[in-house]
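Structure data follow from upload-v5.csv (CSV, C-alpha atoms):
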```
chain,number,residue,atom,x,y,z
F,1,MET,CA,27.7,-38.2,-13.3
F,2,THR,CA,26.1,-35.7,-10.9
F,3,THR,CA,22.8,-33.9,-11.4
F,4,PRO,CA,23.1,-30.1,-11.3
F,5,GLU,CA,21.6,-28.6,-8.1
F,6,THR,CA,18.3,-26.8,-8.5
F,7,PHE,CA,16.4,-24.5,-6.2
F,8,GLU,CA,12.7,-24.2,-5.4
F,9,LEU,CA,10.2,-21.7,-3.9
F,10,GLN,CA,7.3,-22.8,-1.7
F,11,MET,CA,4.5,-20.5,-0.7
F,12,SER,CA,1.0,-20.9,0.9
F,13,ARG,CA,-2.0,-18.7,1.1
F,14,PHE,CA,-5.5,-19.0,2.7
F,15,ILE,CA,-8.2,-17.7,0.4
F,16,ARG,CA,-11.8,-17.2,1.4
F,17,ALA,CA,-13.3,-18.9,-1.6
F,18,PRO,CA,-14.2,-22.5,-2.5
F,19,ARG,CA,-11.7,-24.7,-4.2
F,20,ASP,CA,-13.6,-24.8,-7.5
F,21,LYS,CA,-13.4,-21.0,-7.7
F,22,VAL,CA,-9.6,-21.0,-6.9
F,23,PHE,CA,-8.9,-23.7,-9.4
F,24,ASP,CA,-10.8,-21.9,-12.1
F,25,ALA,CA,-8.8,-18.8,-11.5
F,26,PHE,CA,-5.7,-20.6,-12.8
F,27,VAL,CA,-7.4,-21.8,-16.0
F,28,ASN,CA,-10.0,-19.2,-16.9
F,29,PRO,CA,-8.4,-16.6,-19.2
F,30,LYS,CA,-10.8,-13.8,-18.1
F,31,VAL,CA,-10.1,-14.4,-14.4
F,32,LEU,CA,-6.3,-14.8,-15.1
F,33,ALA,CA,-6.3,-11.4,-16.7
F,34,ALA,CA,-7.7,-9.9,-13.5
F,35,TRP,CA,-5.0,-11.2,-11.2
F,36,HIS,CA,-2.0,-12.9,-12.7
F,37,CYS,CA,0.6,-10.1,-12.5
F,38,PRO,CA,2.3,-8.2,-9.6
F,39,ARG,CA,0.7,-5.1,-8.2
F,40,GLY,CA,1.2,-2.1,-10.4
F,41,MET,CA,1.0,-4.1,-13.6
F,42,SER,CA,-1.7,-5.4,-15.9
F,43,VAL,CA,-2.4,-8.4,-18.1
F,44,PRO,CA,-3.4,-7.1,-21.6
F,45,GLU,CA,-3.1,-10.5,-23.3
F,46,VAL,CA,-3.7,-14.0,-22.0
F,47,SER,CA,-4.4,-17.3,-23.8
F,48,VAL,CA,-5.2,-20.7,-22.2
F,49,ASP,CA,-5.7,-24.2,-23.5
F,50,ALA,CA,-6.7,-25.9,-20.2
F,51,ARG,CA,-5.9,-29.6,-20.9
F,52,VAL,CA,-2.9,-31.8,-20.3
F,53,GLY,CA,-0.3,-30.8,-22.8
F,54,GLY,CA,-2.2,-27.6,-23.6
F,55,ALA,CA,-0.4,-24.3,-23.7
F,56,TYR,CA,-0.9,-21.0,-21.8
F,57,ARG,CA,0.7,-17.6,-22.3
F,58,ILE,CA,0.4,-14.5,-20.1
F,59,VAL,CA,1.6,-11.0,-21.0
F,60,MET,CA,2.3,-8.8,-18.0
F,61,GLN,CA,2.8,-5.1,-18.7
F,62,ARG,CA,4.2,-2.3,-16.6
F,63,ARG,CA,2.8,1.2,-16.6
F,64,ASP,CA,5.7,2.4,-18.7
F,65,GLY,CA,4.9,-0.2,-21.4
F,66,GLY,CA,7.6,-2.7,-20.5
F,67,ARG,CA,6.5,-6.3,-20.8
F,68,HIS,CA,7.2,-9.6,-19.0
F,69,VAL,CA,5.8,-12.6,-21.0
F,70,VAL,CA,5.5,-16.1,-19.5
F,71,GLY,CA,4.2,-19.3,-21.0
F,72,GLY,CA,4.3,-23.1,-20.7
F,73,ASN,CA,2.2,-26.2,-20.9
F,74,TYR,CA,-0.1,-27.9,-18.4
F,75,ARG,CA,1.3,-31.1,-17.0
F,76,GLU,CA,-1.6,-32.2,-14.8
F,77,LEU,CA,-5.1,-30.9,-14.1
F,78,ARG,CA,-7.0,-32.6,-11.3
F,79,ARG,CA,-10.1,-30.5,-10.6
F,80,SER,CA,-10.3,-29.0,-8.0
F,81,ASP,CA,-7.3,-30.4,-6.1
F,82,PHE,CA,-4.1,-30.0,-8.1
F,83,LEU,CA,-2.6,-28.5,-11.2
F,84,SER,CA,0.9,-28.3,-12.5
F,85,TYR,CA,2.4,-26.5,-15.5
F,86,THR,CA,5.8,-25.6,-16.9
F,87,TRP,CA,7.0,-22.0,-16.7
F,88,HIS,CA,9.4,-20.2,-19.0
F,89,TRP,CA,10.0,-16.6,-19.8
F,90,GLU,CA,9.7,-15.4,-23.4
F,91,GLU,CA,10.5,-11.9,-22.1
F,92,GLY,CA,11.5,-11.2,-18.6
F,93,SER,CA,14.0,-11.8,-15.8
F,94,MET,CA,15.3,-15.3,-16.7
F,95,PRO,CA,16.9,-16.7,-19.8
F,96,THR,CA,14.3,-18.1,-22.3
F,97,ASP,CA,16.0,-21.5,-22.3
F,98,VAL,CA,15.3,-22.1,-18.6
F,99,GLN,CA,12.1,-24.1,-17.8
F,100,THR,CA,10.7,-24.4,-14.3
F,101,LEU,CA,7.7,-26.2,-12.9
F,102,VAL,CA,4.7,-24.8,-10.9
F,103,GLU,CA,2.6,-27.1,-8.8
F,104,VAL,CA,-0.5,-25.9,-7.0
F,105,HIS,CA,-2.3,-28.0,-4.3
F,106,LEU,CA,-5.8,-26.9,-3.1
F,107,VAL,CA,-7.3,-28.1,0.2
F,108,ASP,CA,-10.6,-27.1,2.0
F,109,LYS,CA,-9.9,-25.2,5.2
F,110,ASP,CA,-12.1,-23.1,7.5
F,111,GLY,CA,-14.7,-22.4,4.9
F,112,GLY,CA,-12.2,-21.4,2.3
F,113,THR,CA,-9.2,-22.9,0.5
F,114,GLU,CA,-5.6,-23.4,1.6
F,115,LEU,CA,-3.4,-22.9,-1.5
F,116,SER,CA,0.1,-24.5,-1.4
F,117,MET,CA,2.4,-23.7,-4.3
F,118,ARG,CA,5.8,-25.2,-5.2
F,119,HIS,CA,7.8,-23.5,-8.0
F,120,SER,CA,10.9,-25.7,-8.7
F,121,GLY,CA,13.8,-26.1,-11.1
F,122,PHE,CA,15.5,-22.7,-10.6
F,123,PRO,CA,19.1,-22.9,-11.7
F,124,ALA,CA,20.3,-20.6,-8.9
F,125,ALA,CA,19.2,-19.2,-5.6
F,126,ALA,CA,19.1,-15.7,-7.0
F,127,ALA,CA,16.6,-16.8,-9.7
F,128,ARG,CA,14.4,-18.4,-7.1
F,129,ASP,CA,14.6,-15.4,-4.8
F,130,SER,CA,13.7,-13.0,-7.7
F,131,HIS,CA,10.4,-14.8,-8.1
F,132,ASN,CA,9.5,-14.6,-4.4
F,133,GLY,CA,8.4,-11.0,-4.4
F,134,GLY,CA,6.6,-11.4,-7.7
F,135,TRP,CA,4.6,-14.4,-6.6
F,136,THR,CA,3.8,-12.8,-3.2
F,137,SER,CA,2.3,-9.8,-5.0
F,138,VAL,CA,0.5,-12.0,-7.6
F,139,LEU,CA,-1.1,-14.0,-4.8
F,140,ASN,CA,-2.2,-10.8,-3.1
F,141,ARG,CA,-4.0,-10.0,-6.3
F,142,LEU,CA,-5.5,-13.4,-6.5
F,143,ASN,CA,-6.9,-12.9,-3.0
F,144,ASP,CA,-8.3,-9.5,-4.0
F,145,CYS,CA,-10.0,-11.2,-6.9
F,146,LEU,CA,-11.6,-14.0,-5.0
F,147,ASP,CA,-12.2,-12.8,-1.4
F,148,PRO,CA,-15.8,-11.6,-0.9
F,149,GLU,CA,-14.3,-8.4,0.6
F,150,GLY,CA,-12.1,-7.7,-2.4
F,151,SER,CA,-8.9,-5.9,-1.5
F,152,ALA,CA,-10.2,-5.4,2.0
F,153,GLY,CA,-9.5,-9.1,2.5
F,154,THR,CA,-5.9,-8.5,1.7
F,155,VAL,CA,-5.0,-4.9,2.7
F,156,THR,CA,-5.1,-3.9,6.4
F,157,LEU,CA,-3.9,-0.6,7.9
F,158,LEU,CA,-2.7,-0.7,11.5
F,159,GLY,CA,-3.2,2.6,13.2
F,160,ASP,CA,-5.4,5.1,15.1
F,161,ALA,CA,-8.1,7.0,13.2
F,162,ARG,CA,-7.1,10.1,15.2
F,163,SER,CA,-3.5,10.0,14.0
F,164,THR,CA,-2.7,12.4,11.2
F,165,PHE,CA,-0.2,10.0,9.7
F,166,THR,CA,-2.8,7.2,9.8
F,167,ARG,CA,-5.3,9.5,8.1
F,168,THR,CA,-2.8,10.4,5.4
F,169,VAL,CA,-2.5,6.7,4.4
F,170,ARG,CA,-6.3,6.3,4.7
F,171,MET,CA,-6.8,9.2,2.4
F,172,ALA,CA,-4.3,7.8,-0.1
F,173,LEU,CA,-6.1,4.5,-0.1
F,174,ALA,CA,-9.4,6.3,-0.6
F,175,GLU,CA,-8.0,8.5,-3.4
F,176,LYS,CA,-6.9,5.3,-5.2
F,177,GLY,CA,-10.2,3.5,-4.5
F,178,VAL,CA,-8.5,0.7,-2.5
F,179,ALA,CA,-10.9,-1.1,-0.2
F,180,HIS,CA,-9.1,-1.9,3.1
F,181,LYS,CA,-9.6,-2.6,6.8
F,182,LEU,CA,-8.5,-0.2,9.5
F,183,GLU,CA,-7.4,-2.1,12.6
F,184,GLU,CA,-7.2,0.2,15.6
F,185,VAL,CA,-4.0,-0.4,17.5
F,186,ARG,CA,-1.9,1.5,20.1
F,187,PRO,CA,1.8,2.2,19.8
F,188,HIS,CA,4.3,-0.5,20.9
F,189,THR,CA,1.6,-3.2,21.2
F,190,PRO,CA,2.6,-6.7,20.0
F,191,ARG,CA,0.4,-6.5,17.0
F,192,LEU,CA,2.1,-3.3,15.8
F,193,LEU,CA,5.6,-4.4,16.7
F,194,ALA,CA,5.2,-7.4,14.5
F,195,ALA,CA,4.8,-5.1,11.5
F,196,ASN,CA,7.0,-2.2,12.7
F,197,PRO,CA,10.0,-3.0,15.0
F,198,PHE,CA,9.9,0.6,16.2
F,199,GLY,CA,6.2,0.2,17.4
F,200,ARG,CA,5.0,3.4,15.6
F,201,MET,CA,1.9,3.7,13.5
F,202,PRO,CA,0.7,3.4,10.9
F,203,ALA,CA,1.8,0.1,9.4
F,204,LEU,CA,0.4,-1.5,6.3
F,205,LEU,CA,-0.2,-5.2,5.7
F,206,ASP,CA,-0.7,-6.3,2.1
F,207,GLY,CA,-1.1,-10.0,2.6
F,208,PRO,CA,2.3,-11.2,4.1
F,209,ILE,CA,4.0,-7.9,3.1
F,210,ALA,CA,4.4,-5.5,6.0
F,211,LEU,CA,5.5,-1.8,5.5
F,212,TYR,CA,6.0,1.1,7.8
F,213,GLU,CA,6.8,4.8,7.6
F,214,THR,CA,4.0,6.9,6.1
F,215,SER,CA,5.7,8.2,3.0
F,216,ALA,CA,6.9,4.7,2.1
F,217,ILE,CA,3.4,3.3,2.5
F,218,VAL,CA,1.8,6.1,0.4
F,219,ARG,CA,4.4,5.5,-2.4
F,220,TYR,CA,3.6,1.8,-2.3
F,221,VAL,CA,-0.1,2.4,-2.5
F,222,ASP,CA,0.4,4.9,-5.3
F,223,GLU,CA,2.6,2.5,-7.4
F,224,CYS,CA,0.7,-0.7,-6.7
F,225,PHE,CA,-3.0,0.3,-7.3
F,226,ASP,CA,-4.9,1.8,-10.1
F,227,GLY,CA,-6.4,5.3,-9.8
F,228,PRO,CA,-5.1,8.8,-10.1
F,229,SER,CA,-1.4,9.3,-9.4
F,230,LEU,CA,-0.5,10.9,-6.1
F,231,LEU,CA,2.7,12.2,-7.5
F,232,PRO,CA,2.8,15.3,-9.8
F,233,ALA,CA,4.0,14.7,-13.4
F,234,GLY,CA,6.8,17.2,-13.7
F,235,PRO,CA,10.2,17.0,-11.9
F,236,THR,CA,9.8,20.4,-10.2
F,237,ASP,CA,6.4,19.6,-8.9
F,238,ARG,CA,7.5,16.2,-7.8
F,239,ALA,CA,10.4,17.8,-5.9
F,240,ARG,CA,8.0,20.3,-4.3
F,241,CYS,CA,5.8,17.4,-3.2
F,242,GLU,CA,8.8,15.6,-1.6
F,243,GLN,CA,9.8,18.9,0.0
F,244,TRP,CA,6.4,19.2,1.8
F,245,VAL,CA,6.5,15.6,2.9
F,246,SER,CA,9.9,16.1,4.4
F,247,LEU,CA,8.8,19.4,6.0
F,248,VAL,CA,5.9,17.6,7.7
F,249,ASN,CA,8.1,14.8,8.9
F,250,GLY,CA,10.9,17.0,10.0
F,251,HIS,CA,9.2,20.2,11.3
F,252,LEU,CA,5.5,20.7,11.0
F,253,TYR,CA,4.4,17.5,12.8
F,254,ASP,CA,6.7,18.1,15.8
F,255,THR,CA,5.4,21.7,16.2
F,256,MET,CA,1.7,21.4,15.3
F,257,ALA,CA,0.9,17.9,16.6
F,258,ARG,CA,3.4,16.6,19.1
F,259,ARG,CA,4.1,19.9,21.0
F,260,TYR,CA,0.7,21.6,20.4
F,261,VAL,CA,-2.3,19.5,19.6
F,262,LEU,CA,-1.3,16.5,21.7
F,263,GLN,CA,-0.6,18.8,24.7
F,264,TYR,CA,-4.4,19.6,24.7
F,265,VAL,CA,-5.5,16.0,23.9
F,266,PHE,CA,-3.1,14.4,26.5
F,267,PRO,CA,-2.3,17.1,29.0
F,268,LYS,CA,1.0,16.6,30.8
F,269,GLY,CA,1.1,19.8,32.8
F,270,GLU,CA,0.2,20.5,36.4
F,271,GLY,CA,-3.4,19.8,37.4
F,272,GLY,CA,-4.1,17.9,34.3
F,273,GLN,CA,-3.6,20.9,32.1
F,274,PRO,CA,-1.4,21.4,29.0
F,275,ASP,CA,2.2,22.2,29.7
F,276,ARG,CA,2.2,25.9,28.9
F,277,LYS,CA,5.9,26.1,28.4
F,278,VAL,CA,5.7,23.4,25.7
F,279,VAL,CA,2.6,24.9,24.1
F,280,ASN,CA,4.0,28.5,24.2
F,281,GLN,CA,7.2,27.4,22.5
F,282,ALA,CA,5.3,25.6,19.8
F,283,VAL,CA,2.9,28.5,19.2
F,284,ALA,CA,6.0,30.8,18.9
F,285,GLU,CA,7.3,28.6,16.0
F,286,MET,CA,4.0,28.2,14.1
F,287,PRO,CA,3.7,31.6,12.5
F,288,LEU,CA,6.8,31.0,10.3
F,289,GLN,CA,5.6,27.6,9.3
F,290,LEU,CA,2.1,28.8,8.6
F,291,GLN,CA,3.4,31.8,6.6
F,292,VAL,CA,5.4,29.4,4.4
F,293,LEU,CA,2.2,27.4,3.8
F,294,GLU,CA,0.2,30.6,3.2
F,295,GLN,CA,2.7,31.6,0.5
F,296,ALA,CA,2.6,28.1,-1.1
F,297,TYR,CA,-1.2,28.3,-1.4
F,298,ALA,CA,-1.2,31.8,-2.8
F,299,HIS,CA,-1.9,30.8,-6.4
F,300,SER,CA,-3.3,27.2,-6.0
F,301,ASP,CA,-5.4,25.1,-3.8
F,302,TYR,CA,-2.7,22.4,-4.0
F,303,LEU,CA,0.9,22.3,-2.8
F,304,ALA,CA,2.5,20.6,-5.7
F,305,GLY,CA,1.0,20.6,-9.2
F,306,ALA,CA,-2.6,21.2,-10.4
F,307,SER,CA,-4.3,18.4,-8.4
F,308,VAL,CA,-4.1,16.7,-5.1
F,309,SER,CA,-0.8,14.9,-4.3
F,310,MET,CA,1.0,13.3,-1.4
F,311,ALA,CA,1.9,16.7,-0.1
F,312,ASP,CA,-1.7,17.7,0.4
F,313,LEU,CA,-2.4,14.3,2.0
F,314,PHE,CA,0.3,14.9,4.6
F,315,VAL,CA,-0.5,18.6,5.3
F,316,ALA,CA,-4.4,18.6,5.4
F,317,PRO,CA,-4.9,16.2,8.4
F,318,LEU,CA,-2.4,18.2,10.4
F,319,VAL,CA,-3.9,21.6,9.7
F,320,ALA,CA,-7.4,20.3,10.3
F,321,TYR,CA,-6.6,20.0,14.1
F,322,LEU,CA,-5.3,23.6,14.5
F,323,PRO,CA,-8.7,25.5,14.6
F,324,LEU,CA,-9.9,23.1,17.4
F,325,PHE,CA,-7.7,24.9,19.9
F,326,PRO,CA,-7.5,28.6,20.7
F,327,GLU,CA,-4.0,29.6,19.5
F,328,GLY,CA,-4.3,27.6,16.3
F,329,LYS,CA,-7.7,29.1,15.5
F,330,GLN,CA,-6.3,32.6,16.1
F,331,LEU,CA,-3.2,32.0,13.9
F,332,LEU,CA,-5.2,30.6,11.1
F,333,GLY,CA,-7.3,33.7,11.1
F,334,ASP,CA,-4.4,35.5,9.5
F,335,CYS,CA,-4.0,32.8,6.8
F,336,PRO,CA,-6.8,33.1,4.2
F,337,ASN,CA,-5.0,31.0,1.6
F,338,ILE,CA,-4.6,28.1,4.0
F,339,ARG,CA,-8.3,28.3,5.0
F,340,ARG,CA,-9.3,28.3,1.3
F,341,ALA,CA,-7.2,25.3,0.4
F,342,GLN,CA,-8.3,23.5,3.5
F,343,ALA,CA,-11.9,24.1,2.6
F,344,VAL,CA,-11.2,22.5,-0.8
F,345,MET,CA,-9.6,19.5,0.8
F,346,ALA,CA,-12.5,19.2,3.3
F,347,GLU,CA,-14.9,18.6,0.4
F,348,ARG,CA,-12.9,15.6,-1.0
F,349,PRO,CA,-14.6,12.3,-0.3
F,350,SER,CA,-11.3,10.9,1.0
F,351,PHE,CA,-11.2,13.7,3.6
F,352,VAL,CA,-14.8,13.2,4.6
F,353,ALA,CA,-14.6,9.5,4.9
F,354,THR,CA,-11.5,9.5,7.1
F,355,ALA,CA,-12.7,12.2,9.6
F,356,PRO,CA,-11.8,11.0,13.1
F,357,ALA,CA,-14.4,10.9,15.8
F,358,LEU,CA,-13.4,13.7,18.2
F,359,GLY,CA,-14.4,14.0,21.8
```
How does the structure come out when it is put into C-alpha cells?
Amino acid sequence: MTTPETFELQMSRFIRAPRDKVFDAFVNPKVLAAWHCPRGMSVPEVSVDARVGGAYRIVMQRRDGGRHVVGGNYRELRRSDFLSYTWHWEEGSMPTDVQTLVEVHLVDKDGGTELSMRHSGFPAAAARDSHNGGWTSVLNRLNDCLDPEGSAGTVTLLGDARSTFTRTVRMALAEKGVAHKLEEVRPHTPRLLAANPFGRMPALLDGPIALYETSAIVRYVDECFDGPSLLPAGPTDRARCEQWVSLVNGHLYDTMARRYVLQYVFPKGEGGQPDRKVVNQAVAEMPLQLQVLEQAYAHSDYLAGASVSMADLFVAPLVAYLPLFPEGKQLLGDCPNIRRAQAVMAERPSFVATAPALG
C-alpha cells in the first residue's frame, strides 16, 4: 500500500517586532481581524479558542461581498516559539473535505523576528500554488500590522521624485493613505533591474512582490488598499479614464516630457543647449494635444467622472512641468480650462506632498 503524494508550501518573513507580539497576532482575535486576509479584503468575523484542541474560524470578505471562510483546530501552542493548526475551507478555493496543516516557527533575529511557515498536506501542486499568492499578501498585511513603520515597512517605491510616472504612483499611494518609502534610484541600476528587467522606473515592492509599469502599479494600489477608488464607477467614465492613461503612455509623455521638458533638463544640443530641432517638433505637436485636454476639462475639473481618478494622476504631473519652460508657458496661456483644472489638482494634499525639488 502506498501513501498518496502530498505537496507543501514553505515561506519565511522577517518582521520588525518581538516574538511575543508576532505569536499573539496568530491567536488574538482583534489582531487577526486586522491582518489575516489578502490585500483588498477584510475580516468581518473571527473567533479563536487559543488552546490545544481549540477551534478558530476566520471569515475573509471581498469588496463585492464574496466570502472565503477558513477554520480548524490548534494542534500545538508553544509560546512564543511555535504554533501549529489545521486548516480547512468552509467556503473558498478548496474542497471542504481537504484538511491541511500550518506550522509557524518564530526565532529572534536582528532585533525582530524571523517567521518560518510550512503549510503542508495539499493534495495537488495546483492547490499548493493557489495558496502561495494568498499567503504572500496575508504576510504583507501582518508586516503592516506589526512593523513600527506600518505599511512603510512593507511598501517601497523605486523611482526618482522628478519623474512624472513616479509622481503618479506616489500620488496614488497618498490618495489611498498608504504609508510607503520612496527609494531614489536611477534607470538600469542593479537595484531597479532586480524589480523591473527593463530597468525603467518606477517599480513597486510590496514585501516580496515586485511590480512595474505605472498603470499596473496604480491599479494594484487601488485594489489592494482602503480609501477612495481611483477608478470611476460607470463604464463610460472608466473607459474615459483608461483612454487618458493610454494617451499619456502613447502620446503625451513622449511629446511633453521626453522630447520637450527633458531637452531643457538634460540638454543634448550643441554647446550644452536643448536640441532645437527636437524641441521645435515637440512644440509643433503640443497644440493639438493641449486642445484635446482643454475640451476634456470644459465642464469639469476632472477627466473621468466627478472626482479624481487615475487619469488625473497621470496627466497632472506631466502638465505641471510645461509652464516652467517658455513654449509650454505660452501654449498654456491659451488653455484656461487646463489651468483651472491644474489649479484644483495643485491644492490636493497628494499633489503638494509629492512636489519634486527643482533646480
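Atom CA of Val46 of chain F to atom CA of His131 of chain F spans 19.8 Å [interatomic distance, one decimal].
Excluding Glu45 of chain F itself and any same-chain residue fewer than 2 positions from it, the protein and nucleic acid residues within 10 Å of it, counting only C-alpha atoms, are Pro29, Lys30, Leu32, Ala33, Ser42, Val43, Ser47, Arg57, Ile58, Val59, Met60, Gln61 and Val69 of chain F.
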### Task
Compile the contact shell of segment 134-140 of chain F as a ChimeraX atom specification: residues with an atom at most 10 Å away, counting only C-alpha atoms, same-chain residues fewer than 6 positions apart removed.
/F:9,11-13,15,35-41,115,117,119,151,153-155,206-209,224
Next, write the just-selected residues to a file, as an mmCIF file, keeping the file's coordinate frame, keeping C-alpha atoms as the atom set.
```
data_model
loop_
_atom_site.group_PDB
_atom_site.id
_atom_site.type_symbol
_atom_site.label_atom_id
_atom_site.label_comp_id
_atom_site.auth_asym_id
_atom_site.auth_seq_id
_atom_site.Cartn_x
_atom_site.Cartn_y
_atom_site.Cartn_z
ATOM 1 C CA LEU F 9 10.200 -21.700 -3.900
ATOM 2 C CA MET F 11 4.500 -20.500 -0.700
ATOM 3 C CA SER F 12 1.000 -20.900 0.900
ATOM 4 C CA ARG F 13 -2.000 -18.700 1.100
ATOM 5 C CA ILE F 15 -8.200 -17.700 0.400
ATOM 6 C CA TRP F 35 -5.000 -11.200 -11.200
ATOM 7 C CA HIS F 36 -2.000 -12.900 -12.700
ATOM 8 C CA CYS F 37 0.600 -10.100 -12.500
ATOM 9 C CA PRO F 38 2.300 -8.200 -9.600
ATOM 10 C CA ARG F 39 0.700 -5.100 -8.200
ATOM 11 C CA GLY F 40 1.200 -2.100 -10.400
ATOM 12 C CA MET F 41 1.000 -4.100 -13.600
ATOM 13 C CA LEU F 115 -3.400 -22.900 -1.500
ATOM 14 C CA MET F 117 2.400 -23.700 -4.300
ATOM 15 C CA HIS F 119 7.800 -23.500 -8.000
ATOM 16 C CA SER F 151 -8.900 -5.900 -1.500
ATOM 17 C CA GLY F 153 -9.500 -9.100 2.500
ATOM 18 C CA THR F 154 -5.900 -8.500 1.700
ATOM 19 C CA VAL F 155 -5.000 -4.900 2.700
ATOM 20 C CA ASP F 206 -0.700 -6.300 2.100
ATOM 21 C CA GLY F 207 -1.100 -10.000 2.600
ATOM 22 C CA PRO F 208 2.300 -11.200 4.100
ATOM 23 C CA ILE F 209 4.000 -7.900 3.100
ATOM 24 C CA CYS F 224 0.700 -0.700 -6.700
#
```
### Message
I want to know what sits within 8 Å of Tyr302 of chain F, based on all atoms listed in the file, with residues of the same chain fewer than 6 positions away left out; could you give that as a ChimeraX atom specification?
### Response
/F:308-309,312,341
Save the residues we just selected, C-alpha atoms, as an mmCIF file, keeping the file's coordinate frame?
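Dumped everything to out_34.cif:
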```
data_model
loop_
_atom_site.group_PDB
_atom_site.id
_atom_site.type_symbol
_atom_site.label_atom_id
_atom_site.label_comp_id
_atom_site.auth_asym_id
_atom_site.auth_seq_id
_atom_site.Cartn_x
_atom_site.Cartn_y
_atom_site.Cartn_z
ATOM 1 C CA VAL F 308 -4.100 16.700 -5.100
ATOM 2 C CA SER F 309 -0.800 14.900 -4.300
ATOM 3 C CA ASP F 312 -1.700 17.700 0.400
ATOM 4 C CA ALA F 341 -7.200 25.300 0.400
#
```
Sphere at (-6.2, 8.3, 18.0), radius 12 Å, counting all atoms listed in the file: residues as a PDB file with C-alpha atoms, in the frame of the given file:
```
ATOM      1  CA  LEU F 158      -2.700  -0.700  11.500  1.00  0.00           C
ATOM      2  CA  GLY F 159      -3.200   2.600  13.200  1.00  0.00           C
ATOM      3  CA  ASP F 160      -5.400   5.100  15.100  1.00  0.00           C
ATOM      4  CA  ALA F 161      -8.100   7.000  13.200  1.00  0.00           C
ATOM      5  CA  ARG F 162      -7.100  10.100  15.200  1.00  0.00           C
ATOM      6  CA  SER F 163      -3.500  10.000  14.000  1.00  0.00           C
ATOM      7  CA  THR F 164      -2.700  12.400  11.200  1.00  0.00           C
ATOM      8  CA  PHE F 165      -0.200  10.000   9.700  1.00  0.00           C
ATOM      9  CA  THR F 166      -2.800   7.200   9.800  1.00  0.00           C
ATOM     10  CA  ARG F 167      -5.300   9.500   8.100  1.00  0.00           C
ATOM     11  CA  GLU F 183      -7.400  -2.100  12.600  1.00  0.00           C
ATOM     12  CA  GLU F 184      -7.200   0.200  15.600  1.00  0.00           C
ATOM     13  CA  VAL F 185      -4.000  -0.400  17.500  1.00  0.00           C
ATOM     14  CA  ARG F 186      -1.900   1.500  20.100  1.00  0.00           C
ATOM     15  CA  PRO F 187       1.800   2.200  19.800  1.00  0.00           C
ATOM     16  CA  MET F 201       1.900   3.700  13.500  1.00  0.00           C
ATOM     17  CA  PRO F 202       0.700   3.400  10.900  1.00  0.00           C
ATOM     18  CA  VAL F 261      -2.300  19.500  19.600  1.00  0.00           C
ATOM     19  CA  LEU F 262      -1.300  16.500  21.700  1.00  0.00           C
ATOM     20  CA  VAL F 265      -5.500  16.000  23.900  1.00  0.00           C
ATOM     21  CA  PHE F 266      -3.100  14.400  26.500  1.00  0.00           C
ATOM     22  CA  ALA F 355     -12.700  12.200   9.600  1.00  0.00           C
ATOM     23  CA  PRO F 356     -11.800  11.000  13.100  1.00  0.00           C
ATOM     24  CA  ALA F 357     -14.400  10.900  15.800  1.00  0.00           C
ATOM     25  CA  LEU F 358     -13.400  13.700  18.200  1.00  0.00           C
ATOM     26  CA  GLY F 359     -14.400  14.000  21.800  1.00  0.00           C
TER      27      GLY F 359
END
```
